[in-house]
file start_7.cif (mmCIF, C-alpha atoms)
data_protein
#
loop_
_atom_site.label_atom_id
_atom_site.label_comp_id
_atom_site.auth_asym_id
_atom_site.auth_seq_id
_atom_site.Cartn_x
_atom_site.Cartn_y
_atom_site.Cartn_z
CA MET U 1 -7.15 -18.66 157.43
CA ALA U 2 -6.19 -16.47 160.37
CA ASN U 3 -5.42 -13.59 158.02
CA ALA U 4 -8.80 -14.02 156.29
CA ALA U 5 -10.57 -14.05 159.65
CA ARG U 6 -8.83 -10.82 160.69
CA ARG U 7 -9.84 -9.23 157.40
CA ARG U 8 -13.51 -10.17 157.83
CA TYR U 9 -13.63 -8.92 161.41
CA PHE U 10 -11.83 -5.72 160.43
CA ARG U 11 -14.29 -4.96 157.63
CA TRP U 12 -17.24 -5.69 159.94
CA ARG U 13 -15.99 -3.25 162.57
CA LEU U 14 -15.33 -0.50 160.04
CA GLY U 15 -18.71 -1.09 158.43
CA GLN U 16 -20.38 0.38 161.51
CA VAL U 17 -19.20 3.94 160.83
CA ASP U 18 -22.07 6.22 159.82
CA VAL U 19 -22.06 7.98 156.45
CA GLU U 20 -23.34 11.56 156.21
CA ARG U 21 -26.19 11.58 153.69
CA GLY U 22 -27.20 14.48 151.50
CA LEU U 23 -24.31 14.92 149.05
CA PRO U 24 -24.76 13.10 145.71
CA VAL U 25 -21.94 10.69 144.90
CA ARG U 26 -21.12 8.63 141.85
CA ARG U 27 -18.97 5.55 141.34
CA LEU U 28 -16.37 5.84 138.60
CA GLY U 29 -14.51 2.89 137.11
CA SER U 30 -14.92 -0.85 137.22
CA GLU U 31 -16.30 -2.96 140.04
CA TYR U 32 -12.74 -3.93 141.00
CA GLY U 33 -10.85 -0.67 140.51
CA GLY U 34 -13.59 1.93 140.84
CA TRP U 35 -14.13 4.54 143.52
CA THR U 36 -17.08 6.63 144.67
CA ILE U 37 -16.75 10.41 144.84
CA PRO U 38 -18.93 13.54 144.56
CA LEU U 39 -17.99 14.05 140.91
CA GLN U 40 -19.83 17.37 140.63
CA LEU U 41 -17.26 18.98 142.93
CA VAL U 42 -14.25 18.16 140.73
CA ASP U 43 -13.01 20.89 138.37
CA SER U 44 -10.81 20.51 135.30
CA ASP U 45 -7.90 22.34 136.99
CA TRP U 46 -7.80 20.01 139.97
CA VAL U 47 -4.58 18.20 140.84
CA VAL U 48 -5.30 14.51 141.48
CA TYR U 49 -2.84 12.04 143.04
CA CYS U 50 -3.70 8.33 143.13
CA LEU U 51 -1.33 6.32 145.30
CA GLY U 52 -1.44 2.70 144.18
CA ALA U 53 -2.52 2.04 140.61
CA GLY U 54 -2.52 -1.74 140.56
CA ASN U 55 -3.73 -3.31 137.32
CA ASP U 56 -6.90 -1.25 137.07
CA VAL U 57 -6.87 2.52 136.57
CA SER U 58 -10.47 2.69 135.37
CA PHE U 59 -11.27 5.24 138.10
CA GLU U 60 -8.45 7.47 136.92
CA THR U 61 -9.31 7.28 133.22
CA GLU U 62 -13.03 7.81 133.78
CA LEU U 63 -12.31 10.78 136.03
CA ILE U 64 -10.15 12.26 133.25
CA ASP U 65 -12.89 11.67 130.66
CA GLU U 66 -15.57 13.23 132.86
CA THR U 67 -13.68 16.29 134.10
CA GLY U 68 -10.62 16.84 131.90
CA CYS U 69 -8.32 17.02 134.91
CA GLU U 70 -4.75 15.70 135.07
CA VAL U 71 -4.15 12.60 137.21
CA TYR U 72 -0.83 11.51 138.72
CA SER U 73 -0.62 7.82 139.57
CA PHE U 74 2.07 5.86 141.41
CA ASP U 75 2.74 2.16 141.89
CA PRO U 76 5.93 0.11 142.37
CA THR U 77 5.02 -2.97 140.31
CA ASP U 78 6.07 -3.86 136.76
CA ALA U 79 2.56 -5.12 136.05
CA SER U 80 1.07 -1.74 136.92
CA ALA U 81 3.57 0.12 134.74
CA GLU U 82 2.77 -2.14 131.79
CA HIS U 83 -0.97 -1.74 132.36
CA VAL U 84 -0.84 2.07 132.39
CA ALA U 85 1.53 2.22 129.39
CA ALA U 86 -0.94 0.19 127.33
CA ILE U 87 -3.71 2.73 127.95
CA ASP U 88 -1.92 5.64 126.27
CA GLU U 89 -3.78 8.45 128.06
CA PRO U 90 -1.64 11.63 127.96
CA ARG U 91 -3.41 13.18 130.94
CA LEU U 92 -2.58 10.16 133.14
CA HIS U 93 0.96 10.61 134.44
CA PHE U 94 2.54 7.50 135.97
CA LEU U 95 5.72 6.87 137.97
CA GLN U 96 6.81 3.38 138.98
CA VAL U 97 7.59 4.12 142.63
CA ALA U 98 6.27 3.17 146.04
CA ILE U 99 5.01 5.97 148.27
CA TRP U 100 6.89 6.22 151.55
CA ARG U 101 8.05 8.75 154.13
CA HIS U 102 11.30 9.50 152.28
CA ASP U 103 13.06 9.03 148.95
CA GLY U 104 15.25 5.97 148.49
CA THR U 105 14.56 2.25 148.32
CA LEU U 106 11.98 0.20 150.17
CA ARG U 107 11.78 -3.52 150.87
CA MET U 108 8.33 -4.84 149.99
CA TYR U 109 6.70 -8.25 150.25
CA LYS U 110 5.41 -10.09 147.22
CA SER U 111 1.92 -11.52 147.51
CA PRO U 112 1.86 -15.34 147.76
CA VAL U 113 -1.40 -15.32 145.80
CA ARG U 114 -0.58 -16.59 142.31
CA THR U 115 -2.93 -14.25 140.51
CA SER U 116 -1.70 -11.14 142.35
CA SER U 117 1.21 -8.90 141.39
CA THR U 118 0.75 -6.81 144.54
CA LEU U 119 3.68 -5.55 146.60
CA SER U 120 3.14 -4.54 150.21
CA ALA U 121 5.60 -3.00 152.65
CA ALA U 122 3.20 -4.05 155.41
CA ASN U 123 3.08 -7.66 154.16
CA LEU U 124 -0.67 -7.54 153.65
CA ASP U 125 -0.98 -11.06 152.21
CA VAL U 126 1.57 -12.61 154.63
CA GLY U 127 4.18 -13.54 152.04
CA ARG U 128 7.85 -14.45 152.43
CA ALA U 129 9.53 -13.29 149.23
CA THR U 130 10.67 -9.65 149.15
CA VAL U 131 11.98 -7.18 146.60
CA GLU U 132 13.54 -3.73 146.87
CA VAL U 133 11.90 -0.94 144.89
CA PRO U 134 12.40 2.83 144.52
CA CYS U 135 10.28 4.90 146.93
CA ARG U 136 9.37 8.57 147.02
CA SER U 137 7.67 10.88 149.47
CA LEU U 138 4.64 12.94 148.53
CA ASP U 139 6.54 16.14 149.25
CA SER U 140 9.32 15.10 146.86
CA LEU U 141 6.87 14.20 144.09
CA MET U 142 5.01 17.48 144.45
CA ARG U 143 8.26 19.41 144.10
CA GLU U 144 9.14 17.44 140.97
CA PHE U 145 5.78 18.13 139.32
CA GLY U 146 5.58 21.72 140.57
CA HIS U 147 2.42 21.28 142.65
CA LYS U 148 1.54 23.38 145.68
CA ARG U 149 -1.65 21.47 146.52
CA ILE U 150 -3.46 18.18 145.93
CA ASP U 151 -7.18 18.64 145.39
CA LEU U 152 -8.11 14.95 145.28
CA LEU U 153 -5.88 12.44 147.04
CA LYS U 154 -6.53 8.70 146.92
CA TYR U 155 -4.64 6.13 149.00
CA HIS U 156 -4.62 2.44 148.11
CA VAL U 157 -1.25 1.39 149.51
CA GLU U 158 -1.79 -2.20 150.60
CA GLY U 159 -1.69 -1.77 154.36
CA SER U 160 1.03 0.91 154.60
CA GLU U 161 -1.46 3.74 155.13
CA TYR U 162 -0.81 3.69 158.88
CA GLU U 163 2.89 4.33 158.25
CA ILE U 164 2.68 7.04 155.61
CA PHE U 165 -0.63 8.87 156.09
CA ASP U 166 -0.74 11.74 158.56
CA PRO U 167 -4.12 13.52 158.95
CA ASP U 168 -2.24 16.81 159.29
CA LEU U 169 -1.21 16.44 155.64
CA LEU U 170 -4.79 17.21 154.66
CA THR U 171 -4.43 20.81 155.79
CA GLN U 172 -0.87 21.16 154.55
CA LEU U 173 -1.77 19.91 151.05
CA ASP U 174 -5.15 21.68 150.86
CA VAL U 175 -6.92 18.38 150.12
CA LYS U 176 -10.58 18.78 149.18
CA ILE U 177 -11.48 15.12 148.59
CA LEU U 178 -9.73 12.19 150.26
CA GLY U 179 -10.20 8.58 149.30
CA ILE U 180 -8.49 5.99 151.47
CA ARG U 181 -8.74 2.22 151.74
CA LEU U 182 -7.88 0.91 155.19
CA PHE U 183 -6.48 -2.59 155.58
CA HIS U 184 -6.30 -5.08 158.43
CA THR U 185 -2.54 -4.65 158.93
CA ALA U 186 -3.56 -2.64 162.00
CA PRO U 187 -6.24 -3.37 164.61
CA PRO U 188 -9.73 -2.00 163.88
CA ARG U 189 -9.43 0.53 166.72
CA ARG U 190 -6.41 2.12 165.05
CA ALA U 191 -8.21 2.33 161.71
CA LEU U 192 -11.28 3.82 163.38
CA GLY U 193 -9.11 6.28 165.24
CA LEU U 194 -7.65 7.37 161.90
CA VAL U 195 -11.16 7.87 160.50
CA ALA U 196 -12.08 9.96 163.57
CA ALA U 197 -8.91 12.04 163.17
CA ILE U 198 -9.78 12.83 159.53
CA LEU U 199 -13.32 13.83 160.46
CA ALA U 200 -12.07 15.98 163.34
CA ARG U 201 -10.08 18.04 160.84
CA GLY U 202 -13.23 19.28 159.16
CA TYR U 203 -14.10 16.48 156.73
CA VAL U 204 -17.39 14.75 156.00
CA LEU U 205 -17.66 11.02 155.26
CA VAL U 206 -19.77 10.82 152.10
CA SER U 207 -19.13 7.25 150.96
CA HIS U 208 -18.11 4.01 152.65
CA GLU U 209 -17.80 0.78 150.68
CA GLY U 210 -16.19 -2.04 152.63
CA SER U 211 -12.92 -0.56 153.86
CA ALA U 212 -12.87 2.21 151.22
CA PHE U 213 -13.76 5.66 152.56
CA THR U 214 -14.38 8.95 150.75
CA PHE U 215 -14.15 12.20 152.71
CA VAL U 216 -14.90 15.74 151.54
CA ARG U 217 -13.79 18.91 153.29
CA ARG U 218 -16.85 20.51 154.84
CA ASP U 219 -16.25 24.01 153.48
CA VAL U 220 -16.14 22.56 149.94
CA VAL U 221 -19.45 20.80 150.56
CA ASP U 222 -21.02 23.94 151.99
CA SER U 223 -19.90 26.14 149.11
CA ARG U 224 -20.76 23.78 146.26
CA SER U 225 -23.80 21.77 147.29
CA PRO U 226 -27.36 22.97 148.08
CA GLU U 227 -27.85 19.87 150.24
CA LYS U 228 -25.63 19.72 153.30
CA PRO U 229 -24.88 16.50 155.19
CA ARG U 230 -25.81 16.42 158.86
CA PRO U 231 -22.73 17.45 160.86
CA GLY U 232 -21.00 15.25 163.38
CA ARG U 233 -22.75 11.90 162.94
CA SER U 234 -19.77 10.13 161.34
CA LEU U 235 -17.31 11.57 163.84
CA ARG U 236 -19.40 10.44 166.80
CA SER U 237 -19.76 6.90 165.48
CA ALA U 238 -16.06 6.57 164.52
CA ALA U 239 -14.88 7.97 167.87
CA ARG U 240 -17.23 5.66 169.77
CA LEU U 241 -16.09 2.58 167.85
CA ALA U 242 -12.43 3.49 168.30
CA GLU U 243 -12.72 3.50 172.09
CA PRO U 244 -11.24 0.49 173.91
CA PRO U 245 -13.92 -1.92 175.18
CA ARG U 246 -15.07 -1.29 178.75
CA ARG U 247 -13.68 -3.77 181.24
CA ASP U 248 -17.12 -4.78 182.42
CA ARG U 249 -18.12 -5.82 178.89
CA PRO U 250 -16.99 -8.92 177.02
CA SER U 251 -14.28 -8.23 174.44
CA ALA U 252 -14.82 -9.02 170.76
CA GLY U 253 -11.43 -10.74 170.69
CA ILE U 254 -9.45 -8.66 168.21
CA GLY U 255 -8.95 -5.03 169.23
#
call {"tool": "encode", "arguments": {"input": "start_7.cif", "output": "structure tokens"}}
result
Amino acid sequence: MANAARRRYFRWRLGQVDVERGLPVRRLGSEYGGWTIPLQLVDSDWVVYCLGAGNDVSFETELIDETGCEVYSFDPTDASAEHVAAIDEPRLHFLQVAIWRHDGTLRMYKSPVRTSSTLSAANLDVGRATVEVPCRSLDSLMREFGHKRIDLLKYHVEGSEYEIFDPDLLTQLDVKILGIRLFHTAPPRRALGLVAAILARGYVLVSHEGSAFTFVRRDVVDSRSPEKPRPGRSLRSAARLAEPPRRDRPSAGIG
């Protein structure tokens, strides 16, 4: 119950970040596994990395169908590997590994929820049972596949985003579109600070569904879209919400 309460409060706090309007977006995939992006910006030669496949890669397969691009997907679970293998899509490349800061092995927690096959290094669902799985860094994977950039990068890593995502990677990897789901394994202020850090590096928040955010690099928006989102609104709201509460105001309870 305490974990559920933290999750609800977390999502409420993050729901107050403003979205920049003006760039058309479209949701691809199922209600459970889908994601919203500005599809018209994606070209067939884009390199797409999806971190965390789960048991629903409908976003990945629909993106492939719509654009013809190659998608690289990663997940440490047996259930995910079986799910992707059953699809038989040659342009969807899958490796059964967890994403981490280095190559090696990683201890992850199994979800105590019976219907879930999720593994989380951050113990998202507050389980007790653990398992060790192979882990790889993004840099290592890019070397293996011969990639110098990642055009579209999507994080769904079950609460480990605070450990493995560095906003400076966006510049290093030349990321044009970033999708990231933020979880309540960190306080809302830390998540909001991460959102502000992404925006401060020249990105625009174009979609926000629950704790799932889609950012687009502003120069890509400016060069490809006749309608330009209003600058700065998302950054101001995220930075304001990430500030510690003033001492002369009552605290919301969970920081």
call {"tool": "closest_atom_pairs", "arguments": {"input": "start_7.cif", "of": "region 190-209 of chain U", "to": "region 170-182 of chain U", "cutoff": "10 Å", "atoms": "all atoms listed in the file", "output": "tab-separated table"}}
result
residue	atom	partner	partner_atom	distance
U:Ala191	CA	U:Leu182	CA	6.7
U:Leu192	CA	U:Leu182	CA	9.3
U:Leu194	CA	U:Leu182	CA	9.3
U:Val195	CA	U:Leu182	CA	9.3
U:Ile198	CA	U:Leu170	CA	8.2
U:Arg201	CA	U:Thr171	CA	8.1
U:Gly202	CA	U:Thr171	CA	9.5
U:Tyr203	CA	U:Lys176	CA	8.6
U:Val204	CA	U:Ile177	CA	9.5
U:Leu205	CA	U:Leu178	CA	9.4
U:Val206	CA	U:Ile177	CA	10.0
U:Ser207	CA	U:Gly179	CA	9.2
U:His208	CA	U:Arg181	CA	9.6
U:Glu209	CA	U:Arg181	CA	9.2
call {"tool": "resolve_selection", "arguments": {"input": "start_7.cif", "expression": "the PyMOL selection byres ((chain U and resi 60-63) around 9)", "output": "PyMOL selection string"}}
result
chain U and resi 28-29+34+39+42+48+50+53+56-59+64-69+71-73+87+89+91-92
call {"tool": "residues_near_point", "arguments": {"input": "start_7.cif", "point": "(8.0, 10.3, 145.4)", "cutoff": "7 Å", "atoms": "only C-alpha atoms", "output": "list in words"}}
result
Val97, Ile99, Asp103, Cys135, Arg136, Ser137, Leu138, Ser140 and Leu141 of chain U
call {"tool": "atom_distance", "arguments": {"input": "start_7.cif", "atom1": "CA of Ser80 (chain U)", "atom2": "CA of Tyr155 (chain U)"}}
result
15.5 Å
call {"tool": "atom_distance", "arguments": {"input": "start_7.cif", "atom1": "CA of Leu119 (chain U)", "atom2": "CA of His156 (chain U)"}}
result
11.6 Å
call {"tool": "atom_distance", "arguments": {"input": "start_7.cif", "atom1": "CA of Ile150 (chain U)", "atom2": "CA of Val47 (chain U)"}}
result
5.2 Å
call {"tool": "resolve_selection", "arguments": {"input": "start_7.cif", "expression": "the PyMOL selection byres ((chain U and resi 111) around 12)", "output": "count of residues only"}}
result
25
call {"tool": "residues_around", "arguments": {"input": "start_7.cif", "residues": "Ile164 (chain U)", "least_positions_apart": "4", "cutoff": "8 Å", "atoms": "all atoms listed in the file", "output": "tab-separated table (two decimals) with C-alpha atoms, in the frame of the given file"}}
result
chain	number	residue	atom	x	y	z
U	99	ILE	CA	5.01	5.97	148.27
U	100	TRP	CA	6.89	6.22	151.55
U	101	ARG	CA	8.05	8.75	154.13
U	160	SER	CA	1.03	0.91	154.60
call {"tool": "resolve_selection", "arguments": {"input": "start_7.cif", "expression": "the PyMOL selection byres ((chain U and resi 186) around 10)", "output": "number ranges by chain"}}
result
U: 6, 10, 122, 159-162, 182-185, 187-191, 255
call {"tool": "write_last_selection", "arguments": {"input": "start_7.cif", "atoms": "C-alpha atoms", "output": "mmCIF file, in the coordinates of the input"}}
result
data_model
loop_
_atom_site.group_PDB
_atom_site.id
_atom_site.type_symbol
_atom_site.label_atom_id
_atom_site.label_comp_id
_atom_site.auth_asym_id
_atom_site.auth_seq_id
_atom_site.Cartn_x
_atom_site.Cartn_y
_atom_site.Cartn_z
ATOM 1 C CA ARG U 6 -8.830 -10.820 160.690
ATOM 2 C CA PHE U 10 -11.830 -5.720 160.430
ATOM 3 C CA ALA U 122 3.200 -4.050 155.410
ATOM 4 C CA GLY U 159 -1.690 -1.770 154.360
ATOM 5 C CA SER U 160 1.030 0.910 154.600
ATOM 6 C CA GLU U 161 -1.460 3.740 155.130
ATOM 7 C CA TYR U 162 -0.810 3.690 158.880
ATOM 8 C CA LEU U 182 -7.880 0.910 155.190
ATOM 9 C CA PHE U 183 -6.480 -2.590 155.580
ATOM 10 C CA HIS U 184 -6.300 -5.080 158.430
ATOM 11 C CA THR U 185 -2.540 -4.650 158.930
ATOM 12 C CA PRO U 187 -6.240 -3.370 164.610
ATOM 13 C CA PRO U 188 -9.730 -2.000 163.880
ATOM 14 C CA ARG U 189 -9.430 0.530 166.720
ATOM 15 C CA ARG U 190 -6.410 2.120 165.050
ATOM 16 C CA ALA U 191 -8.210 2.330 161.710
ATOM 17 C CA GLY U 255 -8.950 -5.030 169.230
#
call {"tool": "build_atoms", "arguments": {"input": "start_7.cif", "residues": "region 70-102 of chain U", "atoms": "N, CA and C atoms", "output": "CSV table (one decimal), keeping the file's coordinate frame"}}
result
chain,number,residue,atom,x,y,z
U,70,GLU,N,-6.0,16.5,135.2
U,70,GLU,CA,-4.8,15.7,135.1
U,70,GLU,C,-4.7,14.8,136.3
U,71,VAL,N,-4.3,13.6,136.1
U,71,VAL,CA,-4.2,12.6,137.2
U,71,VAL,C,-2.7,12.1,137.3
U,72,TYR,N,-2.2,12.0,138.5
U,72,TYR,CA,-0.8,11.5,138.7
U,72,TYR,C,-1.0,10.2,139.5
U,73,SER,N,-0.4,9.1,139.0
U,73,SER,CA,-0.6,7.8,139.6
U,73,SER,C,0.7,7.2,139.9
U,74,PHE,N,0.8,6.4,141.0
U,74,PHE,CA,2.1,5.9,141.4
U,74,PHE,C,1.9,4.4,141.9
U,75,ASP,N,2.8,3.6,141.5
U,75,ASP,CA,2.7,2.2,141.9
U,75,ASP,C,4.1,1.5,141.6
U,76,PRO,N,4.6,0.6,142.5
U,76,PRO,CA,5.9,0.1,142.4
U,76,PRO,C,6.0,-1.1,141.5
U,77,THR,N,4.9,-1.7,141.0
U,77,THR,CA,5.0,-3.0,140.3
U,77,THR,C,5.2,-2.8,138.8
U,78,ASP,N,5.9,-3.8,138.2
U,78,ASP,CA,6.1,-3.9,136.8
U,78,ASP,C,4.7,-4.0,136.1
U,79,ALA,N,3.9,-4.9,136.7
U,79,ALA,CA,2.6,-5.1,136.0
U,79,ALA,C,1.7,-3.8,135.9
U,80,SER,N,1.8,-3.0,137.0
U,80,SER,CA,1.1,-1.7,136.9
U,80,SER,C,1.6,-0.8,135.8
U,81,ALA,N,2.9,-0.7,135.7
U,81,ALA,CA,3.6,0.1,134.7
U,81,ALA,C,3.2,-0.3,133.3
U,82,GLU,N,3.2,-1.6,133.1
U,82,GLU,CA,2.8,-2.1,131.8
U,82,GLU,C,1.3,-1.9,131.5
U,83,HIS,N,0.5,-2.0,132.5
U,83,HIS,CA,-1.0,-1.7,132.4
U,83,HIS,C,-1.2,-0.3,132.0
U,84,VAL,N,-0.6,0.7,132.7
U,84,VAL,CA,-0.8,2.1,132.4
U,84,VAL,C,-0.3,2.4,131.0
U,85,ALA,N,0.9,1.9,130.7
U,85,ALA,CA,1.5,2.2,129.4
U,85,ALA,C,0.6,1.8,128.2
U,86,ALA,N,-0.1,0.7,128.4
U,86,ALA,CA,-0.9,0.2,127.3
U,86,ALA,C,-2.2,1.1,127.1
U,87,ILE,N,-2.5,1.9,128.1
U,87,ILE,CA,-3.7,2.7,128.0
U,87,ILE,C,-3.5,3.9,127.1
U,88,ASP,N,-2.3,4.5,127.1
U,88,ASP,CA,-1.9,5.6,126.3
U,88,ASP,C,-2.9,6.8,126.5
U,89,GLU,N,-3.0,7.3,127.7
U,89,GLU,CA,-3.8,8.4,128.1
U,89,GLU,C,-2.8,9.6,128.5
U,90,PRO,N,-2.7,10.6,127.7
U,90,PRO,CA,-1.6,11.6,128.0
U,90,PRO,C,-1.9,12.4,129.2
U,91,ARG,N,-3.1,12.4,129.7
U,91,ARG,CA,-3.4,13.2,130.9
U,91,ARG,C,-3.2,12.3,132.2
U,92,LEU,N,-2.9,11.0,132.0
U,92,LEU,CA,-2.6,10.2,133.1
U,92,LEU,C,-1.1,10.0,133.2
U,93,HIS,N,-0.5,10.6,134.3
U,93,HIS,CA,1.0,10.6,134.4
U,93,HIS,C,1.3,9.5,135.5
U,94,PHE,N,2.2,8.6,135.1
U,94,PHE,CA,2.5,7.5,136.0
U,94,PHE,C,4.0,7.5,136.3
U,95,LEU,N,4.3,7.2,137.5
U,95,LEU,CA,5.7,6.9,138.0
U,95,LEU,C,5.7,5.5,138.7
U,96,GLN,N,6.7,4.7,138.4
U,96,GLN,CA,6.8,3.4,139.0
U,96,GLN,C,7.6,3.5,140.3
U,97,VAL,N,7.0,4.0,141.3
U,97,VAL,CA,7.6,4.1,142.6
U,97,VAL,C,6.6,3.8,143.7
U,98,ALA,N,7.1,3.3,144.9
U,98,ALA,CA,6.3,3.2,146.0
U,98,ALA,C,6.2,4.5,146.8
U,99,ILE,N,5.1,4.8,147.5
U,99,ILE,CA,5.0,6.0,148.3
U,99,ILE,C,5.5,5.6,149.7
U,100,TRP,N,6.4,6.5,150.2
U,100,TRP,CA,6.9,6.2,151.6
U,100,TRP,C,7.2,7.6,152.2
U,101,ARG,N,7.8,7.5,153.4
U,101,ARG,CA,8.0,8.8,154.1
U,101,ARG,C,9.3,9.5,153.6
U,102,HIS,N,10.1,8.9,152.8
U,102,HIS,CA,11.3,9.5,152.3
U,102,HIS,C,11.6,8.9,150.9
